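What follows is target-v6.pdb (PDB, C-alpha atoms and all ligand atoms).
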```pdb
ATOM      1  CA  MET A   1      70.325  37.361   2.983
ATOM      2  CA  SER A   2      66.803  38.593   3.799
ATOM      3  CA  ILE A   3      67.192  41.452   1.301
ATOM      4  CA  LEU A   4      68.147  38.934  -1.380
ATOM      5  CA  LEU A   5      65.180  36.670  -0.539
ATOM      6  CA  SER A   6      62.749  39.593  -0.655
ATOM      7  CA  LYS A   7      63.769  40.289  -4.273
ATOM      8  CA  LEU A   8      63.135  36.716  -5.427
ATOM      9  CA  HIS A   9      59.714  35.633  -6.670
ATOM     10  CA  PRO A  10      58.028  33.208  -4.225
ATOM     11  CA  THR A  11      57.282  30.788  -7.063
ATOM     12  CA  TRP A  12      60.929  30.690  -8.090
ATOM     13  CA  ILE A  13      61.936  29.976  -4.491
ATOM     14  CA  ARG A  14      59.325  27.185  -4.187
ATOM     15  CA  SER A  15      60.362  25.652  -7.529
ATOM     16  CA  THR A  16      64.038  25.727  -6.604
ATOM     17  CA  LEU A  17      63.426  24.171  -3.191
ATOM     18  CA  ASN A  18      61.235  21.466  -4.797
ATOM     19  CA  SER A  19      63.963  20.712  -7.308
ATOM     20  CA  TRP A  20      66.585  20.447  -4.529
ATOM     21  CA  ALA A  21      64.272  18.173  -2.545
ATOM     22  CA  MET A  22      63.706  15.944  -5.584
ATOM     23  CA  THR A  23      67.472  15.775  -6.216
ATOM     24  CA  SER A  24      68.190  14.728  -2.662
ATOM     25  CA  MET A  25      65.378  12.168  -2.806
ATOM     26  CA  SER A  26      66.720  10.581  -5.979
ATOM     27  CA  CYS A  27      70.215  10.460  -4.458
ATOM     28  CA  SER A  28      68.863   8.486  -1.544
ATOM     29  CA  LYS A  29      66.800   6.329  -3.974
ATOM     30  CA  VAL A  30      63.493   7.434  -2.431
ATOM     31  CA  MET A  31      61.106   7.768  -5.368
ATOM     32  CA  HIS A  32      57.945   8.964  -3.587
ATOM     33  CA  SER A  33      57.386  12.697  -3.143
ATOM     34  CA  THR A  34      54.979  14.228  -0.631
ATOM     35  CA  LEU A  35      55.589  17.697  -2.054
ATOM     36  CA  PRO A  36      52.655  19.457  -3.719
ATOM     37  CA  THR A  37      52.472  19.561  -7.497
ATOM     38  CA  GLU A  38      53.101  22.976  -9.050
ATOM     39  CA  ALA A  39      50.217  24.686 -10.814
ATOM     40  CA  VAL A  40      50.351  25.220 -14.544
ATOM     41  CA  ILE A  41      49.370  28.593 -15.992
ATOM     42  CA  ALA A  42      45.833  28.440 -17.401
ATOM     43  CA  SER A  43      45.825  32.051 -18.585
ATOM     44  CA  LYS A  44      48.139  35.026 -18.404
ATOM     45  CA  LYS A  45      45.123  37.243 -17.659
ATOM     46  CA  PRO A  46      42.394  37.153 -14.986
ATOM     47  CA  TYR A  47      38.824  36.021 -15.680
ATOM     48  CA  LYS A  48      35.972  38.508 -15.219
ATOM     49  CA  VAL A  49      33.232  36.663 -13.299
ATOM     50  CA  GLU A  50      29.798  37.582 -11.936
ATOM     51  CA  LEU A  51      29.479  36.087  -8.439
ATOM     52  CA  ILE A  52      26.125  35.393  -6.809
ATOM     53  CA  SER A  53      25.696  36.162  -3.115
ATOM     54  CA  GLY A  54      25.778  33.035  -0.922
ATOM     55  CA  LYS A  55      26.798  30.721  -3.783
ATOM     56  CA  ARG A  56      29.679  28.311  -3.180
ATOM     57  CA  TYR A  57      32.519  28.275  -5.758
ATOM     58  CA  SER A  58      35.575  26.075  -6.352
ATOM     59  CA  TRP A  59      38.367  28.051  -7.941
ATOM     60  CA  CYS A  60      40.867  25.900  -9.888
ATOM     61  CA  THR A  61      44.338  25.996  -8.313
ATOM     62  CA  CYS A  62      46.084  23.492 -10.597
ATOM     63  CA  GLY A  63      45.465  25.230 -13.939
ATOM     64  CA  HIS A  64      44.373  22.059 -15.752
ATOM     65  CA  SER A  65      40.593  22.605 -15.553
ATOM     66  CA  LYS A  66      38.743  23.064 -18.839
ATOM     67  CA  LYS A  67      36.106  25.153 -16.994
ATOM     68  CA  GLN A  68      38.454  28.014 -16.007
ATOM     69  CA  PRO A  69      38.584  29.688 -13.628
ATOM     70  CA  PHE A  70      36.627  26.978 -11.816
ATOM     71  CA  CYS A  71      37.507  23.381 -10.933
ATOM     72  CA  ASP A  72      36.403  20.484 -13.143
ATOM     73  CA  GLY A  73      38.198  17.760 -11.144
ATOM     74  CA  SER A  74      41.295  17.648 -13.369
ATOM     75  CA  HIS A  75      43.593  17.969 -10.317
ATOM     76  CA  LYS A  76      42.629  14.397  -9.354
ATOM     77  CA  THR A  77      44.591  13.022 -12.296
ATOM     78  CA  LYS A  78      46.961  15.821 -13.308
ATOM     79  CA  ALA A  79      47.949  17.522 -10.031
ATOM     80  CA  GLN A  80      47.249  15.238  -7.132
ATOM     81  CA  GLY A  81      49.064  17.474  -4.642
ATOM     82  CA  LEU A  82      46.635  20.344  -5.255
ATOM     83  CA  ALA A  83      42.976  20.916  -4.398
ATOM     84  CA  PRO A  84      40.487  23.608  -5.436
ATOM     85  CA  HIS A  85      40.130  26.765  -3.358
ATOM     86  CA  ARG A  86      36.538  26.839  -2.137
ATOM     87  CA  PHE A  87      34.810  30.080  -1.238
ATOM     88  CA  VAL A  88      31.337  31.562  -0.791
ATOM     89  CA  ALA A  89      30.497  34.900  -2.401
ATOM     90  CA  GLU A  90      29.578  37.455   0.265
ATOM     91  CA  LYS A  91      27.486  39.552  -2.141
ATOM     92  CA  ASP A  92      26.498  39.787  -5.790
ATOM     93  CA  SER A  93      29.543  41.266  -7.483
ATOM     94  CA  THR A  94      31.717  41.356 -10.561
ATOM     95  CA  VAL A  95      35.266  40.236  -9.746
ATOM     96  CA  TRP A  96      38.500  39.323 -11.501
ATOM     97  CA  LEU A  97      39.545  35.768 -10.609
ATOM     98  CA  CYS A  98      43.171  34.790 -11.124
ATOM     99  CA  GLY A  99      43.944  32.819 -14.287
ATOM    100  CA  CYS A 100      47.685  32.393 -13.812
ATOM    101  CA  LYS A 101      47.178  30.494 -10.503
ATOM    102  CA  TYR A 102      50.055  32.288  -8.782
ATOM    103  CA  THR A 103      48.132  35.106  -7.079
ATOM    104  CA  ASN A 104      48.917  35.806  -3.442
ATOM    105  CA  ASN A 105      45.265  36.717  -2.823
ATOM    106  CA  ARG A 106      43.322  33.586  -3.796
ATOM    107  CA  PRO A 107      41.070  33.441  -5.718
ATOM    108  CA  PHE A 108      41.392  37.062  -6.843
ATOM    109  CA  CYS A 109      43.878  38.550  -9.287
ATOM    110  CA  ASP A 110      46.566  40.593  -7.534
ATOM    111  CA  GLY A 111      48.606  41.507 -10.598
ATOM    112  CA  THR A 112      51.123  38.685 -10.269
ATOM    113  CA  HIS A 113      50.360  37.746 -13.894
ATOM    114  CA  LYS A 114      52.351  40.819 -14.951
ATOM    115  CA  SER A 115      55.594  39.403 -13.514
ATOM    116  CA  GLU A 116      58.347  38.070 -15.778
ATOM    117  CA  PHE A 117      57.864  34.607 -14.293
ATOM    118  CA  ILE A 118      54.319  34.480 -15.738
ATOM    119  CA  THR A 119      54.722  36.482 -18.953
ATOM    120  CA  SER A 120      57.596  34.290 -20.151
ATOM    121  CA  ALA A 121      56.021  30.977 -19.088
ATOM    122  CA  THR A 122      54.250  28.280 -21.116
ATOM    123  CA  LEU A 123      50.445  28.117 -20.870
ATOM    124  CA  ALA A 124      48.730  24.975 -19.530
ATOM    125  CA  GLU A 125      47.263  24.140 -22.970
ATOM    126  CA  GLU A 126      50.745  24.252 -24.515
ATOM    127  CA  SER A 127      52.289  22.110 -21.760
ATOM    128  CA  ASP A 128      49.389  19.595 -21.963
ATOM    129  CA  LEU A 129      50.056  19.176 -25.695
ATOM    130  CA  LYS A 130      53.711  18.309 -24.986
ATOM    131  CA  SER A 131      52.822  15.577 -22.448
TER     132      SER A 131
HETATM  133  S1  LIG B 201      45.777  36.378 -13.373
HETATM  134 FE1  LIG B 201      46.902  35.560 -11.678
HETATM  135  S2  LIG B 201      47.456  37.346 -10.566
HETATM  136 FE2  LIG B 201      46.346  38.126 -12.252
END
```

In structure tokens, how does this file's structure come out?
Ligand code: FES
Amino acid sequence: MSILLSKLHPTWIRSTLNSWAMTSMSCSKVMHSTLPTEAVIASKKPYKVELISGKRYSWCTCGHSKKQPFCDGSHKTKAQGLAPHRFVAEKDSTVWLCGCKYTNNRPFCDGTHKSEFITSATLAEESDLKS
């Protein structure tokens, strides 16, 4: 069982568990969910950013911000279960901040955007147009 779980993408596991939880909630006629909202994919590539030492940043975790990769407050209306990831730059540096929102090393890109889950997914702009 643990070997099987180690081969599954964490996002797929989270999505599946959320879907099971929502199914069981609707069966019991409970309509309110306390589960976090899933992030949408803002970009399938990271953003190259110049950080300034000591400056405070809010990295967008929901994917809806129009100021990617940073927060513009969109999570308050589009992803209420999510909040920005706040951090302070330790030194002046050029970094690659995650655009897909599924990195395991927030806020930095860790290559997760290369996974099938991300490459085959719909971008936030496309999903916003459908809603
Ligand atoms: S852009 Fe998200 S891991 Fe690279």

- Message: Residues contacting ligand LIG 201 (chain B) - anything with an atom at most 8 Å away, using all atoms listed in the file - can you give me those as a list in words?
- Response: Ser43, Lys44, Lys45, Pro46, Tyr47, Trp96, Leu97, Cys98, Gly99, Cys100, Lys101, Tyr102, Thr103, Asn104, Phe108, Cys109, Asp110, Gly111, Thr112, His113 and Lys114 of chain A

Which residues are near Asp92 in chain A? Cut-off 10 Å, all atoms listed in the file, ignore same chain within fewer than 6 positions. Put them as a CSV table (one decimal) with C-alpha atoms, in the coordinates of the input.
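Ended up saving to out-v4.csv:
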```csv
chain,number,residue,atom,x,y,z
A,50,GLU,CA,29.8,37.6,-11.9
A,51,LEU,CA,29.5,36.1,-8.4
A,52,ILE,CA,26.1,35.4,-6.8
A,53,SER,CA,25.7,36.2,-3.1
A,54,GLY,CA,25.8,33.0,-0.9
A,55,LYS,CA,26.8,30.7,-3.8
```

Between CA of Val88 in chain A and CA of Tyr57 in chain A lies a distance of 6.1 Å

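In this model, the gap between CA of Thr37 in chain A and CA of Ala79 in chain A comes to 5.6 Å.
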
message = Which residues, named as in the file, does the PyMOL selection byres (((chain A and resi 68) around 9) and not hetatm) pick out? Answer as a PyMOL selection string.
response = chain A and resi 42-43+47+59-60+63-67+69-72+99

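Closest approach to Arg106 in chain A among A:Val49, A:Ile41, A:Leu82, A:Phe87 is made by A:Phe87 (distances from all atoms listed in the file).
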
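Of note, CA of Val40 in chain A and CA of Thr122 in chain A are spaced 8.2 Å apart.
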
To test the calculation: enclose all listed atoms of range 58-63 of chain A in a box whose edges run along x, y and z, add 4 Å on each side, then state centre and edge lengths in Å to one decimal, as AutoDock Vina command-line options.
```
--center_x 40.8 --center_y 25.8 --center_z -10.1 --size_x 18.5 --size_y 12.6 --size_z 15.6
```
